[in-house]
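Here's coords30.pdb, which has PDB, C-alpha atoms, pLDDT in the B column:
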```pdb
MODEL        1
ATOM      1  CA  MET A   1       7.520  25.128  19.424  1.00 60.00           C
ATOM      2  CA  ASN A   2       4.833  22.789  18.150  1.00 75.00           C
ATOM      3  CA  PRO A   3       2.639  21.837  21.145  1.00 84.00           C
ATOM      4  CA  LEU A   4       0.728  19.156  19.266  1.00 93.00           C
ATOM      5  CA  ARG A   5       3.844  17.535  17.826  1.00 91.00           C
ATOM      6  CA  ASP A   6       5.492  17.596  21.240  1.00 90.00           C
ATOM      7  CA  SER A   7       2.454  15.977  22.852  1.00 93.00           C
ATOM      8  CA  LEU A   8       2.156  13.319  20.147  1.00 93.00           C
ATOM      9  CA  ARG A   9       5.776  12.179  20.247  1.00 90.00           C
ATOM     10  CA  PRO A  10       5.639  10.421  23.662  1.00 92.00           C
ATOM     11  CA  LEU A  11       2.366   8.613  22.997  1.00 94.00           C
ATOM     12  CA  ALA A  12       2.812   4.835  22.900  1.00 92.00           C
ATOM     13  CA  SER A  13       2.009   2.921  19.719  1.00 92.00           C
ATOM     14  CA  LEU A  14       2.028  -0.741  18.679  1.00 93.00           C
ATOM     15  CA  THR A  15       1.758  -1.842  22.284  1.00 92.00           C
ATOM     16  CA  ALA A  16      -0.026  -5.137  21.568  1.00 94.00           C
ATOM     17  CA  THR A  17       1.722  -8.500  21.541  1.00 93.00           C
ATOM     18  CA  PRO A  18       0.449 -10.111  18.324  1.00 96.00           C
ATOM     19  CA  PRO A  19      -0.351 -13.818  18.186  1.00 94.00           C
ATOM     20  CA  PRO A  20       2.112 -16.110  16.413  1.00 94.00           C
ATOM     21  CA  PHE A  21       1.942 -15.799  12.615  1.00 95.00           C
ATOM     22  CA  ASP A  22       3.697 -18.460  10.552  1.00 95.00           C
ATOM     23  CA  ILE A  23       3.734 -17.037   7.033  1.00 94.00           C
ATOM     24  CA  ASP A  24       4.865 -20.363   5.571  1.00 94.00           C
ATOM     25  CA  SER A  25       1.645 -21.954   6.864  1.00 95.00           C
ATOM     26  CA  ALA A  26      -0.692 -19.228   5.600  1.00 97.00           C
ATOM     27  CA  PRO A  27      -3.781 -20.602   3.808  1.00 98.00           C
ATOM     28  CA  ALA A  28      -3.987 -20.521   0.032  1.00 97.00           C
ATOM     29  CA  ARG A  29      -6.879 -18.043  -0.010  1.00 98.00           C
ATOM     30  CA  PRO A  30      -6.933 -14.655   1.774  1.00 98.00           C
ATOM     31  CA  ALA A  31     -10.534 -14.978   2.962  1.00 98.00           C
ATOM     32  CA  GLU A  32      -9.556 -17.913   5.165  1.00 98.00           C
ATOM     33  CA  LEU A  33      -6.778 -15.942   6.828  1.00 98.00           C
ATOM     34  CA  PHE A  34      -9.060 -12.918   7.249  1.00 98.00           C
ATOM     35  CA  VAL A  35     -11.659 -14.997   9.114  1.00 98.00           C
ATOM     36  CA  GLU A  36      -8.901 -16.457  11.294  1.00 98.00           C
ATOM     37  CA  TRP A  37      -7.565 -13.015  12.159  1.00 98.00           C
ATOM     38  CA  LEU A  38     -11.032 -11.525  12.717  1.00 98.00           C
ATOM     39  CA  THR A  39     -11.948 -14.383  15.062  1.00 98.00           C
ATOM     40  CA  ASN A  40      -8.717 -13.855  16.967  1.00 98.00           C
ATOM     41  CA  ALA A  41      -9.449 -10.128  17.299  1.00 98.00           C
ATOM     42  CA  VAL A  42     -12.929 -10.896  18.658  1.00 98.00           C
ATOM     43  CA  ASP A  43     -11.501 -13.426  21.126  1.00 97.00           C
ATOM     44  CA  ASN A  44      -9.015 -10.816  22.348  1.00 97.00           C
ATOM     45  CA  GLY A  45     -11.687  -8.225  23.077  1.00 97.00           C
ATOM     46  CA  GLN A  46     -11.154  -5.893  20.126  1.00 98.00           C
ATOM     47  CA  PRO A  47     -14.033  -3.345  20.212  1.00 98.00           C
ATOM     48  CA  GLU A  48     -16.046  -3.207  17.006  1.00 98.00           C
ATOM     49  CA  PRO A  49     -13.793  -5.656  15.155  1.00 98.00           C
ATOM     50  CA  HIS A  50     -16.052  -5.490  12.092  1.00 98.00           C
ATOM     51  CA  ALA A  51     -15.452  -1.753  11.609  1.00 98.00           C
ATOM     52  CA  MET A  52     -13.462  -0.930   8.486  1.00 98.00           C
ATOM     53  CA  THR A  53     -12.454   2.081   6.423  1.00 98.00           C
ATOM     54  CA  LEU A  54     -13.860   2.309   2.899  1.00 98.00           C
ATOM     55  CA  SER A  55     -11.870   4.468   0.480  1.00 98.00           C
ATOM     56  CA  THR A  56     -13.297   5.617  -2.848  1.00 98.00           C
ATOM     57  CA  VAL A  57     -12.383   8.244  -5.465  1.00 97.00           C
ATOM     58  CA  ASP A  58     -14.533  11.171  -6.559  1.00 94.00           C
ATOM     59  CA  ALA A  59     -14.943  12.643 -10.048  1.00 92.00           C
ATOM     60  CA  GLU A  60     -11.866  14.849  -9.604  1.00 93.00           C
ATOM     61  CA  GLY A  61      -9.710  11.918  -8.543  1.00 94.00           C
ATOM     62  CA  MET A  62      -9.696  13.040  -4.901  1.00 96.00           C
ATOM     63  CA  PRO A  63      -9.729  10.096  -2.473  1.00 97.00           C
ATOM     64  CA  ASP A  64     -12.522   9.903   0.087  1.00 98.00           C
ATOM     65  CA  ALA A  65     -12.718   7.653   3.146  1.00 98.00           C
ATOM     66  CA  ARG A  66     -15.165   6.766   5.885  1.00 98.00           C
ATOM     67  CA  VAL A  67     -15.594   4.050   8.527  1.00 98.00           C
ATOM     68  CA  LEU A  68     -18.442   1.578   8.177  1.00 98.00           C
ATOM     69  CA  ILE A  69     -19.327  -2.009   9.085  1.00 97.00           C
ATOM     70  CA  LEU A  70     -18.361  -5.231   7.348  1.00 98.00           C
ATOM     71  CA  LYS A  71     -21.631  -6.930   6.441  1.00 97.00           C
ATOM     72  CA  ASP A  72     -20.377 -10.285   5.179  1.00 98.00           C
ATOM     73  CA  LEU A  73     -17.509 -12.156   3.584  1.00 98.00           C
ATOM     74  CA  THR A  74     -18.398 -14.622   0.826  1.00 97.00           C
ATOM     75  CA  ASP A  75     -16.678 -16.244  -2.128  1.00 95.00           C
ATOM     76  CA  GLU A  76     -17.499 -13.048  -4.017  1.00 97.00           C
ATOM     77  CA  GLY A  77     -15.685 -10.779  -1.574  1.00 98.00           C
ATOM     78  CA  TRP A  78     -16.151  -8.297   1.266  1.00 98.00           C
ATOM     79  CA  TRP A  79     -19.601  -6.691   1.652  1.00 98.00           C
ATOM     80  CA  PHE A  80     -20.749  -3.313   3.000  1.00 98.00           C
ATOM     81  CA  ALA A  81     -23.936  -1.264   2.665  1.00 98.00           C
ATOM     82  CA  GLY A  82     -25.257   2.274   2.415  1.00 97.00           C
ATOM     83  CA  SER A  83     -27.292   4.662   0.329  1.00 96.00           C
ATOM     84  CA  ALA A  84     -26.758   4.743  -3.420  1.00 96.00           C
ATOM     85  CA  THR A  85     -27.446   8.491  -3.332  1.00 95.00           C
ATOM     86  CA  SER A  86     -24.758   9.193  -0.714  1.00 95.00           C
ATOM     87  CA  ALA A  87     -21.286  10.452  -1.609  1.00 95.00           C
ATOM     88  CA  LYS A  88     -19.876   6.936  -1.578  1.00 97.00           C
ATOM     89  CA  GLY A  89     -22.782   5.652  -3.669  1.00 97.00           C
ATOM     90  CA  ARG A  90     -22.264   8.309  -6.333  1.00 96.00           C
ATOM     91  CA  GLN A  91     -18.503   7.745  -6.336  1.00 98.00           C
ATOM     92  CA  LEU A  92     -18.899   3.987  -6.705  1.00 98.00           C
ATOM     93  CA  ALA A  93     -21.403   4.421  -9.530  1.00 97.00           C
ATOM     94  CA  ALA A  94     -18.912   6.565 -11.451  1.00 97.00           C
ATOM     95  CA  ASN A  95     -15.765   4.639 -10.524  1.00 97.00           C
ATOM     96  CA  PRO A  96     -16.582   1.144  -9.162  1.00 98.00           C
ATOM     97  CA  VAL A  97     -13.318   0.403  -7.384  1.00 98.00           C
ATOM     98  CA  ALA A  98     -12.468   0.719  -3.707  1.00 98.00           C
ATOM     99  CA  ALA A  99     -10.045  -0.074  -0.924  1.00 98.00           C
ATOM    100  CA  LEU A 100     -10.948  -1.422   2.505  1.00 98.00           C
ATOM    101  CA  SER A 101      -8.732  -1.318   5.561  1.00 98.00           C
ATOM    102  CA  VAL A 102      -9.227  -2.948   8.933  1.00 98.00           C
ATOM    103  CA  TYR A 103      -7.121  -2.292  12.040  1.00 98.00           C
ATOM    104  CA  TRP A 104      -7.251  -4.385  15.197  1.00 98.00           C
ATOM    105  CA  PRO A 105      -4.929  -2.642  17.705  1.00 97.00           C
ATOM    106  CA  ALA A 106      -5.750  -5.183  20.437  1.00 97.00           C
ATOM    107  CA  VAL A 107      -3.760  -7.767  18.483  1.00 98.00           C
ATOM    108  CA  GLY A 108      -1.516  -5.465  16.444  1.00 98.00           C
ATOM    109  CA  ARG A 109      -2.918  -6.517  13.083  1.00 98.00           C
ATOM    110  CA  SER A 110      -4.302  -4.854   9.987  1.00 98.00           C
ATOM    111  CA  VAL A 111      -5.702  -5.963   6.625  1.00 98.00           C
ATOM    112  CA  ARG A 112      -5.945  -4.011   3.351  1.00 98.00           C
ATOM    113  CA  ILE A 113      -8.257  -5.061   0.505  1.00 98.00           C
ATOM    114  CA  ARG A 114      -8.340  -3.493  -2.985  1.00 98.00           C
ATOM    115  CA  GLY A 115     -10.561  -4.395  -5.908  1.00 98.00           C
ATOM    116  CA  ALA A 116     -13.563  -3.842  -8.128  1.00 98.00           C
ATOM    117  CA  VAL A 117     -16.966  -3.101  -6.606  1.00 98.00           C
ATOM    118  CA  SER A 118     -20.361  -4.440  -7.661  1.00 98.00           C
ATOM    119  CA  ALA A 119     -23.850  -3.816  -6.283  1.00 98.00           C
ATOM    120  CA  ALA A 120     -26.257  -6.510  -5.118  1.00 97.00           C
ATOM    121  CA  ASP A 121     -29.693  -7.063  -6.633  1.00 97.00           C
ATOM    122  CA  ALA A 122     -32.873  -5.499  -5.231  1.00 96.00           C
ATOM    123  CA  GLU A 123     -33.888  -8.631  -3.323  1.00 96.00           C
ATOM    124  CA  ARG A 124     -30.604  -8.865  -1.473  1.00 96.00           C
ATOM    125  CA  ASN A 125     -30.641  -5.132  -0.727  1.00 97.00           C
ATOM    126  CA  ALA A 126     -34.148  -5.376   0.714  1.00 96.00           C
ATOM    127  CA  LEU A 127     -33.197  -8.343   2.889  1.00 96.00           C
ATOM    128  CA  ASP A 128     -30.237  -6.480   4.348  1.00 96.00           C
ATOM    129  CA  PHE A 129     -32.376  -3.406   4.986  1.00 94.00           C
ATOM    130  CA  SER A 130     -35.005  -5.476   6.803  1.00 94.00           C
ATOM    131  CA  ARG A 131     -32.344  -6.799   9.190  1.00 94.00           C
ATOM    132  CA  ARG A 132     -31.425  -3.325  10.414  1.00 94.00           C
ATOM    133  CA  GLY A 133     -32.831  -2.051  13.681  1.00 93.00           C
ATOM    134  CA  PRO A 134     -35.962   0.125  13.535  1.00 92.00           C
ATOM    135  CA  GLY A 135     -34.031   3.295  14.331  1.00 93.00           C
ATOM    136  CA  ALA A 136     -31.421   2.596  11.667  1.00 94.00           C
ATOM    137  CA  ARG A 137     -34.138   1.897   9.086  1.00 93.00           C
ATOM    138  CA  ALA A 138     -35.908   5.155   9.939  1.00 93.00           C
ATOM    139  CA  VAL A 139     -32.699   7.148   9.537  1.00 93.00           C
ATOM    140  CA  ALA A 140     -31.976   5.480   6.189  1.00 92.00           C
ATOM    141  CA  LEU A 141     -35.505   6.283   4.985  1.00 92.00           C
ATOM    142  CA  GLY A 142     -35.620   9.841   6.273  1.00 89.00           C
ATOM    143  CA  SER A 143     -32.063  11.003   5.682  1.00 87.00           C
ATOM    144  CA  ALA A 144     -30.632  12.729   2.606  1.00 86.00           C
ATOM    145  CA  GLN A 145     -27.236  11.300   3.516  1.00 81.00           C
ATOM    146  CA  SER A 146     -24.202  13.525   2.860  1.00 80.00           C
ATOM    147  CA  GLU A 147     -26.345  16.503   1.773  1.00 86.00           C
ATOM    148  CA  PRO A 148     -26.189  19.867   3.596  1.00 89.00           C
ATOM    149  CA  LEU A 149     -28.444  20.075   6.671  1.00 88.00           C
ATOM    150  CA  SER A 150     -29.960  23.332   7.896  1.00 91.00           C
ATOM    151  CA  SER A 151     -30.403  22.176  11.495  1.00 94.00           C
ATOM    152  CA  ARG A 152     -30.541  19.117  13.720  1.00 94.00           C
ATOM    153  CA  ALA A 153     -34.277  19.734  14.087  1.00 94.00           C
ATOM    154  CA  GLU A 154     -34.756  19.214  10.343  1.00 92.00           C
ATOM    155  CA  SER A 155     -33.218  15.735  10.445  1.00 92.00           C
ATOM    156  CA  GLU A 156     -35.085  14.784  13.612  1.00 92.00           C
ATOM    157  CA  ALA A 157     -38.388  15.767  12.017  1.00 91.00           C
ATOM    158  CA  ALA A 158     -37.629  13.760   8.881  1.00 91.00           C
ATOM    159  CA  VAL A 159     -36.707  10.680  10.910  1.00 91.00           C
ATOM    160  CA  ASP A 160     -39.896  11.028  12.977  1.00 91.00           C
ATOM    161  CA  VAL A 161     -41.912  10.955   9.745  1.00 92.00           C
ATOM    162  CA  ALA A 162     -39.997   7.852   8.624  1.00 91.00           C
ATOM    163  CA  LYS A 163     -40.736   6.155  11.945  1.00 91.00           C
ATOM    164  CA  ARG A 164     -44.456   6.745  11.463  1.00 94.00           C
ATOM    165  CA  ASP A 165     -44.237   5.417   7.909  1.00 90.00           C
ATOM    166  CA  LEU A 166     -42.499   2.269   9.177  1.00 90.00           C
ATOM    167  CA  ALA A 167     -45.106   1.793  11.886  1.00 90.00           C
ATOM    168  CA  ALA A 168     -47.783   1.852   9.197  1.00 92.00           C
ATOM    169  CA  GLN A 169     -45.739  -0.204   6.684  1.00 91.00           C
ATOM    170  CA  PRO A 170     -43.266  -2.426   8.592  1.00 90.00           C
ATOM    171  CA  HIS A 171     -41.846  -3.899   5.390  1.00 91.00           C
ATOM    172  CA  LEU A 172     -41.000  -0.534   3.853  1.00 92.00           C
ATOM    173  CA  VAL A 173     -37.569  -0.515   2.183  1.00 94.00           C
ATOM    174  CA  SER A 174     -35.453   2.462   1.234  1.00 94.00           C
ATOM    175  CA  PRO A 175     -35.173   2.441  -2.580  1.00 94.00           C
ATOM    176  CA  SER A 176     -31.588   3.702  -2.352  1.00 95.00           C
ATOM    177  CA  TRP A 177     -30.349   1.119   0.153  1.00 97.00           C
ATOM    178  CA  THR A 178     -27.564  -0.880  -1.483  1.00 98.00           C
ATOM    179  CA  LEU A 179     -25.218  -3.713  -0.661  1.00 98.00           C
ATOM    180  CA  TRP A 180     -21.848  -3.536  -2.381  1.00 98.00           C
ATOM    181  CA  CYS A 181     -19.167  -6.176  -2.707  1.00 98.00           C
ATOM    182  CA  VAL A 182     -15.441  -5.561  -3.093  1.00 98.00           C
ATOM    183  CA  THR A 183     -14.064  -8.422  -5.172  1.00 98.00           C
ATOM    184  CA  PRO A 184     -10.398  -8.310  -4.212  1.00 98.00           C
ATOM    185  CA  ALA A 185      -7.494  -8.051  -6.598  1.00 98.00           C
ATOM    186  CA  THR A 186      -5.035  -7.852  -3.701  1.00 98.00           C
ATOM    187  CA  VAL A 187      -5.281  -8.462   0.044  1.00 98.00           C
ATOM    188  CA  GLU A 188      -2.430  -7.538   2.375  1.00 98.00           C
ATOM    189  CA  PHE A 189      -2.036  -8.828   5.925  1.00 98.00           C
ATOM    190  CA  TRP A 190       0.114  -6.730   8.262  1.00 98.00           C
ATOM    191  CA  GLN A 191       1.300  -7.750  11.715  1.00 98.00           C
ATOM    192  CA  SER A 192       3.012  -5.198  13.920  1.00 97.00           C
ATOM    193  CA  ASP A 193       6.396  -5.410  15.576  1.00 94.00           C
ATOM    194  CA  ALA A 194       7.506  -3.022  18.335  1.00 90.00           C
ATOM    195  CA  GLU A 195      10.868  -2.592  16.581  1.00 91.00           C
ATOM    196  CA  ARG A 196       9.068  -1.892  13.273  1.00 93.00           C
ATOM    197  CA  GLN A 197      10.112  -5.174  11.695  1.00 93.00           C
ATOM    198  CA  HIS A 198       6.493  -5.699  10.694  1.00 96.00           C
ATOM    199  CA  LEU A 199       5.344  -8.838   8.912  1.00 97.00           C
ATOM    200  CA  ARG A 200       3.570  -8.131   5.605  1.00 98.00           C
ATOM    201  CA  LEU A 201       2.025 -10.790   3.401  1.00 98.00           C
ATOM    202  CA  ARG A 202       0.289  -9.791   0.168  1.00 98.00           C
ATOM    203  CA  TYR A 203      -2.103 -12.034  -1.745  1.00 98.00           C
ATOM    204  CA  ALA A 204      -2.644 -11.198  -5.435  1.00 98.00           C
ATOM    205  CA  ARG A 205      -5.317 -12.785  -7.580  1.00 98.00           C
ATOM    206  CA  GLN A 206      -4.013 -15.016 -10.362  1.00 95.00           C
ATOM    207  CA  GLY A 207      -7.107 -16.176 -12.240  1.00 92.00           C
ATOM    208  CA  GLN A 208      -8.880 -18.591  -9.904  1.00 91.00           C
ATOM    209  CA  SER A 209      -5.954 -18.863  -7.502  1.00 96.00           C
ATOM    210  CA  TRP A 210      -3.768 -16.545  -5.436  1.00 98.00           C
ATOM    211  CA  SER A 211      -0.070 -15.764  -5.265  1.00 98.00           C
ATOM    212  CA  GLN A 212       1.613 -14.837  -1.996  1.00 98.00           C
ATOM    213  CA  THR A 213       4.435 -12.314  -1.654  1.00 98.00           C
ATOM    214  CA  LEU A 214       6.328 -11.335   1.476  1.00 98.00           C
ATOM    215  CA  LEU A 215       6.870  -7.545   1.586  1.00 97.00           C
ATOM    216  CA  TRP A 216       9.491  -5.411   3.275  1.00 97.00           C
ATOM    217  CA  PRO A 217       8.249  -3.738   6.468  1.00 96.00           C
TER     218      PRO A 217
ENDMDL
END
```

Could you rewrite the structure in this file as structure tokens?
Amino acid sequence: MNPLRDSLRPLASLTATPPPFDIDSAPARPAELFVEWLTNAVDNGQPEPHAMTLSTVDAEGMPDARVLILKDLTDEGWWFAGSATSAKGRQLAANPVAALSVYWPAVGRSVRIRGAVSAADAERNALDFSRRGPGARAVALGSAQSEPLSSRAESEAAVDVAKRDLAAQPHLVSPSWTLWCVTPATVEFWQSDAERQHLRLRYARQGQSWSQTLLWP
């Protein structure tokens, strides 16, 4: 007997009815289709539709993943932020490539992005930091993200100090705060089907343009 397996088997999956998706009419560039799908997810009540999983690789080649927030989408690519001294920051400094994945179960859609990663300049980093809420800025200033913590009280005390520092210097910026951009080499759009005949469309960069390939489910 495997109680967990037996309890997982009857759970429903892929219960959404996706919107129509005409692959033959897909735009030439993946960013356009991503914005279309993101907007549709928002309109259909998807909670936290800008949440995405960032996957990196450590020095031993072991993959690492965490969920964070999409900051922006520009001609350069998909943007996210965090501390340069965190695990993801150190991994990206040593191996500047990453994969992003987004899942919108409310509409039965997912997107996968893979490519090279580059960091923004200090001015852009500071601007993004200034747009964070006061609590989020204090945590970024006071936290040794990803490092071992002796107790919750230690982190609370450090954040309290950061809050006082911000009250005295409202424009204070964490020196490690960094915006990164994934410039995509490939972007795959996946639309679910209850019978598992999923639709998969992969864009691959070809110089300044993109190729499109339909994939088996």

- [ ] Please provide the set of residues having any atom within 7 Å of A:Ala120, restricted to all atoms listed in the file, with same-chain residues fewer than 6 positions apart removed, written as JSON, numbers by chain.
- [x] {"A": [178, 179, 180]}

Open item on the list: Applying the PyMOL selection byres ((chain A and resi 15) around 10) to the file I just gave you, which residues come out? Please list them as a ChimeraX atom specification.
Closed with: /A:12-14,16-18,105-108,192-194

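Among the candidates A:Asp160, A:Asp128, A:Glu154, A:Asp24, the one nearest to A:Asp72 when counting only C-alpha atoms is A:Asp128.
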
Task: Spatial neighbours of A:Arg205, max dist 10 Å, only C-alpha atoms, sep filter under 4 positions, as a PyMOL selection string - done: chain A and resi 29-30+184-187+209-212

Tell me which residues the PyMOL selection byres ((chain A and resi 70) around 8) grabs here, as an mmCIF file with C-alpha atoms, in the frame of the given file.
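Wrote it out as expr-v4.cif, contents follow:
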```cif
data_model
loop_
_atom_site.group_PDB
_atom_site.id
_atom_site.type_symbol
_atom_site.label_atom_id
_atom_site.label_comp_id
_atom_site.auth_asym_id
_atom_site.auth_seq_id
_atom_site.Cartn_x
_atom_site.Cartn_y
_atom_site.Cartn_z
ATOM 1 C CA HIS A 50 -16.052 -5.490 12.092
ATOM 2 C CA ALA A 51 -15.452 -1.753 11.609
ATOM 3 C CA MET A 52 -13.462 -0.930 8.486
ATOM 4 C CA LEU A 68 -18.442 1.578 8.177
ATOM 5 C CA ILE A 69 -19.327 -2.009 9.085
ATOM 6 C CA LYS A 71 -21.631 -6.930 6.441
ATOM 7 C CA ASP A 72 -20.377 -10.285 5.179
ATOM 8 C CA LEU A 73 -17.509 -12.156 3.584
ATOM 9 C CA TRP A 78 -16.151 -8.297 1.266
ATOM 10 C CA TRP A 79 -19.601 -6.691 1.652
ATOM 11 C CA PHE A 80 -20.749 -3.313 3.000
#
```

Coords for stretch 166-191 of chain A, N, CA and C atoms, as an mmCIF file, in the first residue's frame:
```cif
data_model
loop_
_atom_site.group_PDB
_atom_site.id
_atom_site.type_symbol
_atom_site.label_atom_id
_atom_site.label_comp_id
_atom_site.auth_asym_id
_atom_site.auth_seq_id
_atom_site.Cartn_x
_atom_site.Cartn_y
_atom_site.Cartn_z
ATOM 1 N N LEU A 166 15.948 52.990 6.868
ATOM 2 C CA LEU A 166 15.137 53.544 5.783
ATOM 3 C C LEU A 166 14.369 54.781 6.220
ATOM 4 N N ALA A 167 13.931 54.789 7.470
ATOM 5 C CA ALA A 167 13.224 55.967 7.980
ATOM 6 C C ALA A 167 14.153 57.178 7.989
ATOM 7 N N ALA A 168 15.426 56.936 8.292
ATOM 8 C CA ALA A 168 16.394 58.024 8.320
ATOM 9 C C ALA A 168 16.900 58.371 6.927
ATOM 10 N N GLN A 169 16.951 57.373 6.029
ATOM 11 C CA GLN A 169 17.448 57.571 4.658
ATOM 12 C C GLN A 169 16.473 56.904 3.683
ATOM 13 N N PRO A 170 15.377 57.578 3.336
ATOM 14 C CA PRO A 170 14.327 56.958 2.518
ATOM 15 C C PRO A 170 14.801 56.460 1.152
ATOM 16 N N HIS A 171 15.897 57.028 0.649
ATOM 17 C CA HIS A 171 16.362 56.642 -0.675
ATOM 18 C C HIS A 171 17.465 55.577 -0.622
ATOM 19 N N LEU A 172 17.619 54.954 0.520
ATOM 20 C CA LEU A 172 18.635 53.921 0.677
ATOM 21 C C LEU A 172 18.337 52.744 -0.256
ATOM 22 N N VAL A 173 19.384 52.237 -0.903
ATOM 23 C CA VAL A 173 19.236 51.131 -1.855
ATOM 24 C C VAL A 173 20.168 49.992 -1.447
ATOM 25 N N SER A 174 19.669 48.795 -1.496
ATOM 26 C CA SER A 174 20.509 47.636 -1.217
ATOM 27 C C SER A 174 21.571 47.509 -2.315
ATOM 28 N N PRO A 175 22.840 47.450 -1.970
ATOM 29 C CA PRO A 175 23.883 47.352 -2.999
ATOM 30 C C PRO A 175 23.847 46.032 -3.772
ATOM 31 N N SER A 176 23.176 45.026 -3.217
ATOM 32 C CA SER A 176 23.131 43.731 -3.903
ATOM 33 C C SER A 176 21.874 43.554 -4.755
ATOM 34 N N TRP A 177 20.935 44.506 -4.663
ATOM 35 C CA TRP A 177 19.681 44.333 -5.393
ATOM 36 C C TRP A 177 19.939 44.391 -6.907
ATOM 37 N N THR A 178 19.435 43.402 -7.622
ATOM 38 C CA THR A 178 19.762 43.269 -9.038
ATOM 39 C C THR A 178 18.535 42.880 -9.850
ATOM 40 N N LEU A 179 18.413 43.522 -10.996
ATOM 41 C CA LEU A 179 17.457 43.102 -12.017
ATOM 42 C C LEU A 179 18.195 42.245 -13.033
ATOM 43 N N TRP A 180 17.600 41.116 -13.381
ATOM 44 C CA TRP A 180 18.171 40.266 -14.422
ATOM 45 C C TRP A 180 17.171 40.114 -15.567
ATOM 46 N N CYS A 181 17.711 39.894 -16.746
ATOM 47 C CA CYS A 181 16.881 39.694 -17.926
ATOM 48 C C CYS A 181 17.248 38.372 -18.588
ATOM 49 N N VAL A 182 16.239 37.540 -18.846
ATOM 50 C CA VAL A 182 16.436 36.335 -19.638
ATOM 51 C C VAL A 182 16.143 36.689 -21.097
ATOM 52 N N THR A 183 17.182 36.691 -21.914
ATOM 53 C CA THR A 183 17.010 36.906 -23.346
ATOM 54 C C THR A 183 16.767 35.543 -23.985
ATOM 55 N N PRO A 184 15.564 35.301 -24.480
ATOM 56 C CA PRO A 184 15.197 33.922 -24.822
ATOM 57 C C PRO A 184 15.849 33.397 -26.093
ATOM 58 N N ALA A 185 16.257 32.142 -26.015
ATOM 59 C CA ALA A 185 16.667 31.397 -27.200
ATOM 60 C C ALA A 185 15.487 30.595 -27.726
ATOM 61 N N THR A 186 14.674 30.074 -26.786
ATOM 62 C CA THR A 186 13.450 29.364 -27.146
ATOM 63 C C THR A 186 12.335 29.746 -26.184
ATOM 64 N N VAL A 187 11.109 29.761 -26.685
ATOM 65 C CA VAL A 187 9.924 29.997 -25.874
ATOM 66 C C VAL A 187 8.867 28.988 -26.328
ATOM 67 N N GLU A 188 8.370 28.201 -25.386
ATOM 68 C CA GLU A 188 7.355 27.205 -25.740
ATOM 69 C C GLU A 188 6.023 27.537 -25.079
ATOM 70 N N PHE A 189 4.973 27.508 -25.868
ATOM 71 C CA PHE A 189 3.610 27.729 -25.390
ATOM 72 C C PHE A 189 2.875 26.386 -25.373
ATOM 73 N N TRP A 190 2.270 26.080 -24.246
ATOM 74 C CA TRP A 190 1.608 24.795 -24.020
ATOM 75 C C TRP A 190 0.166 25.045 -23.614
ATOM 76 N N GLN A 191 -0.758 24.415 -24.294
ATOM 77 C CA GLN A 191 -2.172 24.522 -23.938
ATOM 78 C C GLN A 191 -2.713 23.125 -23.665
#
```
